$ cat final_11.cif   # mmCIF, C-alpha atoms
data_structure
#
loop_
_atom_site.label_atom_id
_atom_site.label_comp_id
_atom_site.auth_asym_id
_atom_site.auth_seq_id
_atom_site.Cartn_x
_atom_site.Cartn_y
_atom_site.Cartn_z
CA MET A 1 -33.03 -32.76 -2.79
CA ILE A 2 -36.62 -33.30 -1.67
CA PRO A 3 -36.15 -33.19 2.14
CA ILE A 4 -37.75 -35.75 4.42
CA ALA A 5 -38.94 -32.91 6.69
CA LYS A 6 -39.27 -29.13 6.38
CA PRO A 7 -40.63 -26.90 9.17
CA LEU A 8 -43.03 -24.22 7.91
CA ILE A 9 -42.11 -20.93 9.57
CA GLY A 10 -44.08 -17.92 8.37
CA GLU A 11 -44.54 -14.23 9.12
CA LYS A 12 -46.97 -14.90 11.98
CA GLU A 13 -44.29 -16.81 13.92
CA LYS A 14 -41.80 -13.98 13.40
CA GLU A 15 -44.34 -11.36 14.42
CA LEU A 16 -45.27 -13.15 17.66
CA VAL A 17 -41.62 -13.88 18.56
CA MET A 18 -40.70 -10.22 18.06
CA GLU A 19 -43.65 -9.29 20.26
CA VAL A 20 -42.21 -11.47 23.03
CA LEU A 21 -38.68 -10.13 22.60
CA SER A 22 -39.96 -6.56 22.71
CA SER A 23 -41.99 -7.25 25.86
CA GLY A 24 -38.97 -8.34 27.89
CA MET A 25 -40.96 -11.31 29.23
CA ILE A 26 -38.95 -14.05 27.55
CA ALA A 27 -39.24 -16.96 30.00
CA GLN A 28 -42.48 -18.72 30.95
CA GLY A 29 -45.17 -16.04 30.86
CA PRO A 30 -48.40 -14.93 29.15
CA LYS A 31 -47.65 -16.57 25.80
CA VAL A 32 -47.20 -19.94 27.51
CA LYS A 33 -50.59 -19.51 29.19
CA GLU A 34 -52.16 -18.57 25.86
CA PHE A 35 -50.59 -21.55 24.12
CA GLU A 36 -51.78 -23.92 26.88
CA LYS A 37 -55.31 -22.55 26.57
CA ASN A 38 -55.28 -22.92 22.77
CA TRP A 39 -53.86 -26.44 22.91
CA ALA A 40 -56.45 -27.56 25.46
CA GLU A 41 -59.25 -26.16 23.31
CA TYR A 42 -57.88 -27.76 20.14
CA ASN A 43 -57.73 -31.18 21.80
CA GLY A 44 -60.95 -30.83 23.74
CA VAL A 45 -59.42 -31.26 27.20
CA LYS A 46 -59.64 -29.23 30.38
CA HIS A 47 -55.91 -28.79 31.01
CA ALA A 48 -52.68 -28.50 29.02
CA VAL A 49 -49.28 -28.12 30.69
CA ALA A 50 -46.51 -26.76 28.47
CA VAL A 51 -42.96 -28.01 29.08
CA SER A 52 -39.52 -27.80 27.51
CA SER A 53 -39.64 -30.97 25.36
CA GLY A 54 -41.62 -34.08 24.53
CA THR A 55 -39.23 -36.07 26.73
CA ALA A 56 -39.99 -33.74 29.64
CA ALA A 57 -43.71 -34.20 28.94
CA LEU A 58 -43.40 -37.98 29.23
CA HIS A 59 -41.24 -37.77 32.37
CA VAL A 60 -43.58 -35.34 34.14
CA ALA A 61 -46.69 -37.32 33.15
CA LEU A 62 -45.23 -40.55 34.55
CA LEU A 63 -44.10 -38.90 37.78
CA ALA A 64 -47.51 -37.29 38.24
CA HIS A 65 -49.07 -40.76 38.01
CA GLY A 66 -46.78 -41.97 40.79
CA ILE A 67 -44.45 -44.09 38.68
CA GLY A 68 -41.26 -44.81 40.60
CA PRO A 69 -38.64 -47.39 41.65
CA GLY A 70 -39.83 -50.98 41.50
CA ASP A 71 -42.63 -50.23 39.04
CA GLU A 72 -42.88 -51.67 35.55
CA VAL A 73 -44.29 -49.74 32.59
CA ILE A 74 -45.21 -51.63 29.43
CA THR A 75 -44.31 -49.84 26.22
CA SER A 76 -43.25 -50.34 22.61
CA PRO A 77 -39.70 -51.27 21.56
CA PHE A 78 -40.25 -49.63 18.18
CA THR A 79 -39.97 -45.89 18.71
CA PHE A 80 -37.49 -43.14 19.57
CA ILE A 81 -35.50 -43.93 22.69
CA ALA A 82 -36.90 -40.98 24.68
CA SER A 83 -40.11 -42.93 25.26
CA ALA A 84 -38.48 -45.74 27.25
CA ASN A 85 -35.83 -43.49 28.78
CA SER A 86 -38.51 -41.38 30.43
CA ILE A 87 -39.52 -44.52 32.34
CA LEU A 88 -35.91 -45.05 33.46
CA TYR A 89 -35.76 -41.42 34.62
CA CYS A 90 -38.49 -42.32 37.15
CA GLY A 91 -36.44 -45.24 38.45
CA ALA A 92 -38.96 -47.65 36.93
CA LYS A 93 -38.42 -50.46 34.44
CA PRO A 94 -39.55 -50.32 30.79
CA VAL A 95 -41.09 -53.63 29.72
CA PHE A 96 -41.24 -54.07 25.97
CA ALA A 97 -44.26 -55.65 24.28
CA ASP A 98 -44.00 -56.43 20.58
CA ILE A 99 -45.80 -54.47 17.88
CA GLU A 100 -48.37 -55.17 15.17
CA GLU A 101 -46.74 -55.37 11.74
CA LYS A 102 -49.57 -53.52 10.00
CA THR A 103 -49.68 -50.41 12.19
CA TYR A 104 -46.18 -50.52 13.74
CA ASN A 105 -47.93 -49.82 17.06
CA ILE A 106 -47.85 -51.86 20.26
CA SER A 107 -49.99 -55.01 20.21
CA PRO A 108 -52.73 -55.17 22.86
CA GLU A 109 -52.40 -58.97 22.92
CA LYS A 110 -48.67 -58.68 23.62
CA ILE A 111 -49.39 -56.15 26.37
CA LYS A 112 -51.57 -58.70 28.17
CA GLN A 113 -48.71 -61.21 28.10
CA LYS A 114 -46.33 -58.76 29.81
CA ILE A 115 -48.48 -57.79 32.80
CA THR A 116 -47.06 -58.78 36.21
CA ASP A 117 -47.77 -57.79 39.80
CA LYS A 118 -45.18 -55.01 39.32
CA THR A 119 -46.90 -53.47 36.30
CA LYS A 120 -48.10 -49.97 37.14
CA ALA A 121 -48.77 -48.39 33.75
CA ILE A 122 -48.95 -48.75 29.98
CA MET A 123 -47.32 -46.25 27.63
CA PRO A 124 -48.66 -46.77 24.10
CA ILE A 125 -46.88 -44.90 21.29
CA HIS A 126 -48.96 -43.36 18.51
CA LEU A 127 -46.22 -44.02 15.99
CA TYR A 128 -45.79 -42.04 12.75
CA GLY A 129 -49.05 -40.17 13.37
CA GLN A 130 -51.50 -43.06 13.81
CA SER A 131 -53.25 -43.93 17.04
CA ALA A 132 -52.48 -47.16 18.82
CA ASP A 133 -55.52 -49.35 19.52
CA MET A 134 -56.63 -47.20 22.45
CA LYS A 135 -60.04 -48.81 22.92
CA GLU A 136 -58.45 -52.18 23.59
CA ILE A 137 -55.57 -50.70 25.60
CA MET A 138 -57.90 -48.71 27.87
CA GLU A 139 -59.94 -51.87 28.52
CA ILE A 140 -56.78 -53.75 29.49
CA ALA A 141 -55.75 -50.88 31.79
CA GLN A 142 -59.16 -50.81 33.48
CA ASP A 143 -59.20 -54.59 33.93
CA HIS A 144 -55.80 -54.51 35.66
CA ASP A 145 -56.06 -51.10 37.40
CA LEU A 146 -53.17 -49.63 35.39
CA ARG A 147 -52.31 -46.04 34.56
CA VAL A 148 -52.04 -45.01 30.90
CA VAL A 149 -49.73 -42.32 29.54
CA GLU A 150 -50.15 -41.82 25.80
CA ASP A 151 -46.98 -40.98 23.92
CA ALA A 152 -48.56 -38.76 21.26
CA CYS A 153 -45.29 -37.03 20.41
CA GLN A 154 -45.71 -37.91 16.71
CA ALA A 155 -49.49 -37.62 16.48
CA HIS A 156 -50.71 -34.02 16.76
CA GLY A 157 -54.36 -34.02 15.72
CA ALA A 158 -54.60 -37.78 15.12
CA GLU A 159 -57.87 -39.45 16.04
CA LEU A 160 -59.41 -42.84 16.67
CA SER A 161 -63.18 -43.21 16.35
CA GLY A 162 -63.50 -39.42 16.38
CA LYS A 163 -61.56 -39.01 19.64
CA MET A 164 -58.24 -37.18 19.70
CA VAL A 165 -55.13 -39.05 20.79
CA GLY A 166 -53.88 -37.74 24.09
CA THR A 167 -57.46 -37.53 25.40
CA TYR A 168 -58.09 -41.21 26.16
CA SER A 169 -55.87 -40.70 29.20
CA THR A 170 -52.91 -38.43 29.99
CA GLY A 171 -51.24 -37.42 26.72
CA ALA A 172 -47.70 -36.21 26.00
CA PHE A 173 -46.79 -34.29 22.83
CA SER A 174 -43.52 -33.06 21.32
CA PHE A 175 -42.91 -29.93 19.24
CA TYR A 176 -39.48 -30.79 17.86
CA PRO A 177 -38.85 -29.06 14.47
CA THR A 178 -39.58 -32.17 12.36
CA LYS A 179 -43.02 -32.73 13.93
CA ASN A 180 -46.33 -31.74 12.32
CA MET A 181 -46.01 -28.48 14.23
CA THR A 182 -43.12 -27.04 16.19
CA THR A 183 -42.15 -24.63 18.94
CA GLY A 184 -38.44 -25.10 18.18
CA GLU A 185 -38.15 -27.39 21.19
CA GLY A 186 -41.04 -28.01 23.51
CA GLY A 187 -43.79 -30.31 24.68
CA VAL A 188 -47.19 -30.34 26.32
CA ILE A 189 -49.22 -32.69 28.51
CA THR A 190 -53.00 -33.03 28.26
CA THR A 191 -55.38 -34.12 31.03
CA ASP A 192 -58.92 -33.66 32.33
CA ASP A 193 -57.76 -34.32 35.90
CA ALA A 194 -57.35 -31.13 37.94
CA ALA A 195 -55.17 -32.82 40.58
CA LEU A 196 -52.81 -34.18 37.91
CA ASP A 197 -52.70 -30.76 36.28
CA GLU A 198 -51.64 -29.13 39.55
CA LYS A 199 -48.97 -31.76 40.25
CA MET A 200 -47.54 -31.55 36.73
CA ARG A 201 -47.25 -27.77 37.00
CA MET A 202 -45.30 -28.21 40.22
CA LEU A 203 -43.05 -30.87 38.70
CA ARG A 204 -42.13 -28.66 35.75
CA GLU A 205 -41.20 -25.76 38.05
CA HIS A 206 -38.94 -27.02 40.84
CA GLY A 207 -41.84 -28.47 42.86
CA SER A 208 -43.33 -25.06 43.46
CA LYS A 209 -46.83 -23.57 43.40
CA VAL A 210 -45.71 -20.29 44.94
CA ARG A 211 -42.36 -18.74 44.08
CA TYR A 212 -39.56 -19.78 46.46
CA SER A 213 -41.83 -22.28 48.24
CA HIS A 214 -40.95 -25.84 47.15
CA GLU A 215 -43.21 -28.67 48.27
CA ILE A 216 -41.88 -31.61 46.22
CA LEU A 217 -38.82 -32.47 44.16
CA GLY A 218 -39.34 -30.79 40.81
CA TYR A 219 -37.44 -29.91 37.64
CA ASN A 220 -36.76 -26.97 35.38
CA TYR A 221 -38.96 -28.12 32.51
CA ARG A 222 -40.56 -24.79 31.67
CA MET A 223 -41.41 -23.67 28.15
CA THR A 224 -40.28 -20.17 27.17
CA ASP A 225 -42.60 -17.48 25.83
CA VAL A 226 -40.48 -17.44 22.66
CA SER A 227 -41.29 -21.11 22.05
CA ALA A 228 -44.94 -20.62 22.98
CA ALA A 229 -45.23 -17.72 20.52
CA ILE A 230 -44.04 -19.98 17.71
CA GLY A 231 -46.47 -22.66 18.91
CA ILE A 232 -49.45 -20.30 18.87
CA ALA A 233 -48.83 -19.51 15.21
CA GLN A 234 -48.07 -23.13 14.32
CA LEU A 235 -51.24 -24.43 15.98
CA GLY A 236 -53.21 -21.99 13.85
CA ARG A 237 -52.17 -23.90 10.73
CA LEU A 238 -51.90 -27.44 12.14
CA SER A 239 -55.21 -28.59 10.65
CA PHE A 240 -54.17 -27.30 7.22
CA CYS A 241 -50.78 -29.01 7.47
CA ASN A 242 -52.31 -32.29 8.60
CA GLU A 243 -54.79 -32.27 5.73
CA ALA A 244 -51.93 -31.60 3.30
CA ARG A 245 -50.03 -34.59 4.70
CA ILE A 246 -53.12 -36.81 4.45
CA LYS A 247 -53.72 -35.70 0.85
CA ASN A 248 -50.08 -36.28 -0.14
CA ALA A 249 -50.09 -39.69 1.53
CA ALA A 250 -53.25 -40.73 -0.34
CA TYR A 251 -51.69 -39.60 -3.62
CA LEU A 252 -48.52 -41.60 -2.99
CA ASP A 253 -50.60 -44.62 -1.92
CA LYS A 254 -52.19 -44.69 -5.37
CA LYS A 255 -48.92 -44.15 -7.20
CA LEU A 256 -47.20 -46.99 -5.33
CA ALA A 257 -50.12 -49.41 -5.37
CA GLY A 258 -49.44 -52.90 -6.70
CA LEU A 259 -45.65 -52.79 -6.51
CA ASP A 260 -44.09 -56.09 -5.47
CA GLY A 261 -42.12 -55.75 -2.26
CA ILE A 262 -43.41 -52.27 -1.38
CA ILE A 263 -45.99 -52.11 1.40
CA THR A 264 -47.62 -48.71 1.85
CA PRO A 265 -48.90 -47.49 5.23
CA TYR A 266 -51.91 -49.28 6.70
CA VAL A 267 -54.63 -47.13 8.29
CA MET A 268 -56.71 -48.71 11.04
CA LYS A 269 -60.48 -48.61 10.70
CA GLY A 270 -61.78 -45.44 12.36
CA ALA A 271 -58.33 -43.85 12.56
CA LYS A 272 -57.30 -40.43 11.33
CA HIS A 273 -53.63 -40.89 10.47
CA VAL A 274 -51.82 -37.51 10.33
CA TYR A 275 -48.63 -38.90 8.77
CA HIS A 276 -45.84 -37.45 10.84
CA GLN A 277 -44.03 -40.01 8.73
CA TYR A 278 -45.16 -41.75 5.55
CA THR A 279 -43.45 -45.08 6.17
CA ILE A 280 -43.36 -47.88 3.63
CA ARG A 281 -41.84 -51.33 3.97
CA VAL A 282 -39.20 -52.51 1.52
CA THR A 283 -39.38 -56.32 1.63
CA THR A 284 -37.23 -58.98 -0.03
CA GLU A 285 -39.87 -59.36 -2.78
CA SER A 286 -38.76 -55.96 -4.09
CA GLY A 287 -35.35 -57.36 -5.01
CA TRP A 288 -33.77 -54.66 -2.84
CA GLU A 289 -32.26 -54.47 0.62
CA ARG A 290 -33.78 -51.52 2.48
CA ASP A 291 -30.57 -49.58 3.16
CA ALA A 292 -29.43 -49.92 -0.45
CA PHE A 293 -32.86 -48.77 -1.59
CA ALA A 294 -32.64 -45.70 0.66
CA LYS A 295 -29.17 -44.90 -0.66
CA MET A 296 -30.42 -45.13 -4.25
CA LEU A 297 -33.29 -42.72 -3.50
CA ASN A 298 -30.90 -40.29 -1.80
CA GLU A 299 -28.63 -40.36 -4.85
CA LYS A 300 -31.68 -39.52 -6.97
CA GLY A 301 -32.40 -36.45 -4.82
CA ILE A 302 -35.09 -37.94 -2.57
CA GLY A 303 -34.66 -37.57 1.17
CA THR A 304 -35.53 -40.60 3.29
CA GLY A 305 -35.58 -41.58 6.94
CA ILE A 306 -35.31 -44.86 8.80
CA HIS A 307 -37.52 -44.74 11.88
CA TYR A 308 -36.11 -46.83 13.51
CA PRO A 309 -33.12 -49.01 12.52
CA ILE A 310 -32.49 -50.47 16.01
CA PRO A 311 -35.37 -51.47 18.31
CA LEU A 312 -34.97 -50.20 21.86
CA HIS A 313 -34.34 -53.62 23.41
CA LYS A 314 -31.37 -53.96 21.03
CA GLN A 315 -29.86 -50.57 21.90
CA ALA A 316 -26.55 -50.70 23.78
CA VAL A 317 -27.90 -48.82 26.79
CA TYR A 318 -30.63 -51.44 27.26
CA ARG A 319 -28.34 -54.38 26.48
CA ASP A 320 -26.09 -53.08 29.27
CA LEU A 321 -29.11 -53.11 31.58
CA GLY A 322 -29.62 -56.80 30.88
CA TYR A 323 -32.36 -56.71 28.26
CA SER A 324 -32.34 -59.76 26.00
CA ASP A 325 -35.90 -59.74 24.63
CA VAL A 326 -36.77 -61.44 21.36
CA LEU A 327 -39.46 -59.33 19.68
CA PRO A 328 -39.83 -60.58 16.11
CA ALA A 329 -42.20 -57.99 14.66
CA ALA A 330 -40.21 -54.99 15.91
CA GLU A 331 -36.94 -56.57 14.75
CA LYS A 332 -38.38 -57.31 11.31
CA MET A 333 -39.78 -53.80 10.86
CA ALA A 334 -36.42 -52.29 11.85
CA HIS A 335 -34.95 -53.91 8.72
CA GLU A 336 -37.79 -52.95 6.36
CA VAL A 337 -39.24 -49.52 7.19
CA LEU A 338 -38.40 -46.47 5.11
CA SER A 339 -39.97 -43.03 5.41
CA LEU A 340 -40.61 -40.86 2.33
CA PRO A 341 -41.32 -37.11 2.08
CA ILE A 342 -45.01 -36.10 2.22
CA HIS A 343 -44.83 -32.89 4.30
CA PRO A 344 -46.89 -29.85 3.19
CA SER A 345 -44.03 -28.37 1.11
CA VAL A 346 -43.91 -31.46 -1.13
CA THR A 347 -45.55 -30.80 -4.51
CA VAL A 348 -47.46 -33.13 -6.84
CA LYS A 349 -44.43 -32.96 -9.14
CA ASP A 350 -42.25 -34.14 -6.24
CA LEU A 351 -44.63 -37.00 -5.46
CA ASP A 352 -44.73 -38.07 -9.11
CA TYR A 353 -40.94 -38.06 -9.17
CA ILE A 354 -40.72 -40.12 -5.97
CA ALA A 355 -43.21 -42.68 -7.28
CA GLU A 356 -41.60 -42.93 -10.72
CA THR A 357 -38.13 -43.33 -9.22
CA ILE A 358 -39.38 -46.19 -7.06
CA ARG A 359 -41.24 -47.84 -9.92
CA SER A 360 -38.17 -47.60 -12.18
CA ALA A 361 -35.96 -49.11 -9.48
CA LEU A 362 -38.25 -52.13 -9.17
CA LYS A 363 -38.40 -52.92 -12.89
#
$ encode --input "final_11.cif" --output "structure tokens"
Amino acid sequence: MIPIAKPLIGEKEKELVMEVLSSGMIAQGPKVKEFEKNWAEYNGVKHAVAVSSGTAALHVALLAHGIGPGDEVITSPFTFIASANSILYCGAKPVFADIEEKTYNISPEKIKQKITDKTKAIMPIHLYGQSADMKEIMEIAQDHDLRVVEDACQAHGAELSGKMVGTYSTGAFSFYPTKNMTTGEGGVITTDDAALDEKMRMLREHGSKVRYSHEILGYNYRMTDVSAAIGIAQLGRLSFCNEARIKNAAYLDKKLAGLDGIITPYVMKGAKHVYHQYTIRVTTESGWERDAFAKMLNEKGIGTGIHYPIPLHKQAVYRDLGYSDVLPAAEKMAHEVLSLPIHPSVTVKDLDYIAETIRSALK
């Protein structure tokens, strides 16, 4: 089976983890500080706050921006549920704006239509490794005095017009094992704002700046030194891994070009897409239904993923909260998208096999 994802764990990760275990400083310590410094430098920001997960990163970032009960935050319905849930954790209301079919990212025009006097922030998702239209979104935010928290959990190293995602405003990243780099579990928040940095550090550590002195309600969202050690090694090869993904995606683009009913990923002008997922669309013109197509590929030894089969406004938890949105683009994509393996461990032979299997199935 060619897996849809495969974390690359090498000797450097093992060496640094053993160093931590031997030191006896296993919880948040010097390796976390080193990882934060390295991540800030990589992204070109002044501050990076390491936390226990991407979900924690989103929650802390929203809280630091003052999001709370009665506020509305506009976000995408087409993503992993943690994005919208982090808004609920603050006591605020997620408001779903439909996506663009080409990029799968939130539509700036749809954002404008959802703004009310309760809107406090926008949370764009950089889905599958490609930036949302941040230039347009930042202009909307400035025009309406809104905060912006970038969900960059799938977009480590992605860029738009030469600027890293997560640096247009406050950025939140995830290091879950299937991501372009991992810490096992973990997340980080990026900012150039010193006051936000200080507040986020308090929020991740029980509301404390000084041990046993607690100024605000905080959480236990700390990253361990074990996780940070893995992250230090992983960050050292992130650029290599991203370039491998980009190269594999370009190869598969060519191999799948011209097939009826198969739409390969669209890359926005000026965007550096880092392909956390290489996601095609299987339309009715292919003669296949998407789930049957995925099953066929699996039976042929090709791992696939469906990201995501149920838009957030259709999830039971949101239905129970009274959501009844009709968002045609997100609902359509949920029935058509299919992710294929292009991670750095995939070989040219694997890619040829994937392409030939798809071509044969469409004949």
$ closest_residue --input "final_11.cif" --among "A:Ala64, A:Ala195, A:Ile2, A:Ala158" --to "Tyr42 in chain A" --atoms "all atoms listed in the file"
A:Ala158
$ resolve_selection --input "final_11.cif" --expression "the PyMOL selection byres ((chain A and resi 350-352) around 8)" --output "list in words"
Ile2, Asn248, Tyr251, Leu252, Lys255, Ile342, Val346, Thr347, Val348, Lys349, Tyr353, Ile354, Ala355 and Glu356 of chain A
$ residues_around --input "final_11.cif" --residues "Lys163 in chain A" --least-positions-apart "6" --cutoff "12 Å" --atoms "all atoms listed in the file" --output "PDB file with C-alpha atoms, in the frame of the given file"
ATOM      1  CA  TYR A  42     -57.880 -27.760  20.140  1.00  0.00           C
ATOM      2  CA  ASN A  43     -57.730 -31.180  21.800  1.00  0.00           C
ATOM      3  CA  GLY A  44     -60.950 -30.830  23.740  1.00  0.00           C
ATOM      4  CA  VAL A  45     -59.420 -31.260  27.200  1.00  0.00           C
ATOM      5  CA  SER A 131     -53.250 -43.930  17.040  1.00  0.00           C
ATOM      6  CA  ASP A 133     -55.520 -49.350  19.520  1.00  0.00           C
ATOM      7  CA  MET A 134     -56.630 -47.200  22.450  1.00  0.00           C
ATOM      8  CA  LYS A 135     -60.040 -48.810  22.920  1.00  0.00           C
ATOM      9  CA  GLY A 157     -54.360 -34.020  15.720  1.00  0.00           C
ATOM     10  CA  SER A 169     -55.870 -40.700  29.200  1.00  0.00           C
ATOM     11  CA  GLY A 270     -61.780 -45.440  12.360  1.00  0.00           C
ATOM     12  CA  ALA A 271     -58.330 -43.850  12.560  1.00  0.00           C
ATOM     13  CA  LYS A 272     -57.300 -40.430  11.330  1.00  0.00           C
TER      14      LYS A 272
END
$ residues_around --input "final_11.cif" --residues "Leu58 in chain A" --least-positions-apart "5" --cutoff "8 Å" --atoms "only C-alpha atoms" --output "NGL selection string"
:A and (83 or 86 or 149 or 151 or 172 or 189)
$ write_last_selection --input "final_11.cif" --atoms "C-alpha atoms" --output "compact mmCIF listing (two decimals), keeping the file's coordinate frame"
# COMPACT_ATOMS: atom_id res chain seq x y z
CA SER A 83 -40.11 -42.93 25.26
CA SER A 86 -38.51 -41.38 30.43
CA VAL A 149 -49.73 -42.32 29.54
CA ASP A 151 -46.98 -40.98 23.92
CA ALA A 172 -47.70 -36.21 26.00
CA ILE A 189 -49.22 -32.69 28.51
$ residues_around --input "final_11.cif" --residues "Tyr128 in chain A" --least-positions-apart "4" --cutoff "8 Å" --atoms "only C-alpha atoms" --output "list in words"
Gln154, Ala155, Val274, Tyr275, His276, Gln277, Tyr278 and Thr279 of chain A
$ atom_distance --input "final_11.cif" --atom1 "CA of Asp325 in chain A" --atom2 "CA of His307 in chain A"
19.8 Å
$ residues_around --input "final_11.cif" --residues "range 113-124 of chain A" --least-positions-apart "6" --cutoff "7 Å" --atoms "all atoms listed in the file" --output "NGL selection string"
:A and (71-76 or 97 or 106 or 132 or 146-151)
$ resolve_selection --input "final_11.cif" --expression "the PyMOL selection byres ((chain A and resi 29-33) around 12)" --output "ChimeraX atom specification"
/A:16-17,19-21,23-28,34-40,47-52,183,186-188,201,222-233
$ atom_distance --input "final_11.cif" --atom1 "CA of Ile358 in chain A" --atom2 "CA of Phe240 in chain A"
27.9 Å
$ atom_distance --input "final_11.cif" --atom1 "CA of Ile125 in chain A" --atom2 "CA of Ala330 in chain A"
13.2 Å
$ closest_residue --input "final_11.cif" --among "A:Ile302, A:Ala334, A:Val60, A:Leu196" --to "Leu217 in chain A" --atoms "all atoms listed in the file"
A:Val60
$ resolve_selection --input "final_11.cif" --expression "the PyMOL selection byres ((chain A and resi 77) around 9)" --output "number ranges by chain"
A: 75-76, 78-81, 84, 95-99, 106, 311-314, 327, 330
$ residues_around --input "final_11.cif" --residues "Arg211 in chain A" --least-positions-apart "5" --cutoff "12 Å" --atoms "all atoms listed in the file" --output "PyMOL selection string"
chain A and resi 202+205-206
$ closest_residue --input "final_11.cif" --among "A:Met181, A:Ile140, A:Leu256, A:Val337" --to "Gln234 in chain A" --atoms "only C-alpha atoms"
A:Met181
$ closest_residue --input "final_11.cif" --among "A:Gln315, A:Ser360, A:Thr264, A:Ser208" --to "Lys300 in chain A" --atoms "all atoms listed in the file"
A:Ser360
$ closest_residue --input "final_11.cif" --among "A:Tyr89, A:Thr191, A:Ser339, A:Ser22" --to "Thr170 in chain A" --atoms "all atoms listed in the file"
A:Thr191
$ closest_residue --input "final_11.cif" --among "A:Met18, A:Met138, A:Ile87, A:Ile4" --to "Leu338 in chain A" --atoms "all atoms listed in the file"
A:Ile4
$ axis_aligned_box --input "final_11.cif" --around "range 295-300 of chain A" --padding-each-side "3 Å" --output "JSON"
{"center_x": -31.0, "center_y": -42.3, "center_z": -3.8, "size_x": 10.7, "size_y": 11.6, "size_z": 12.3}
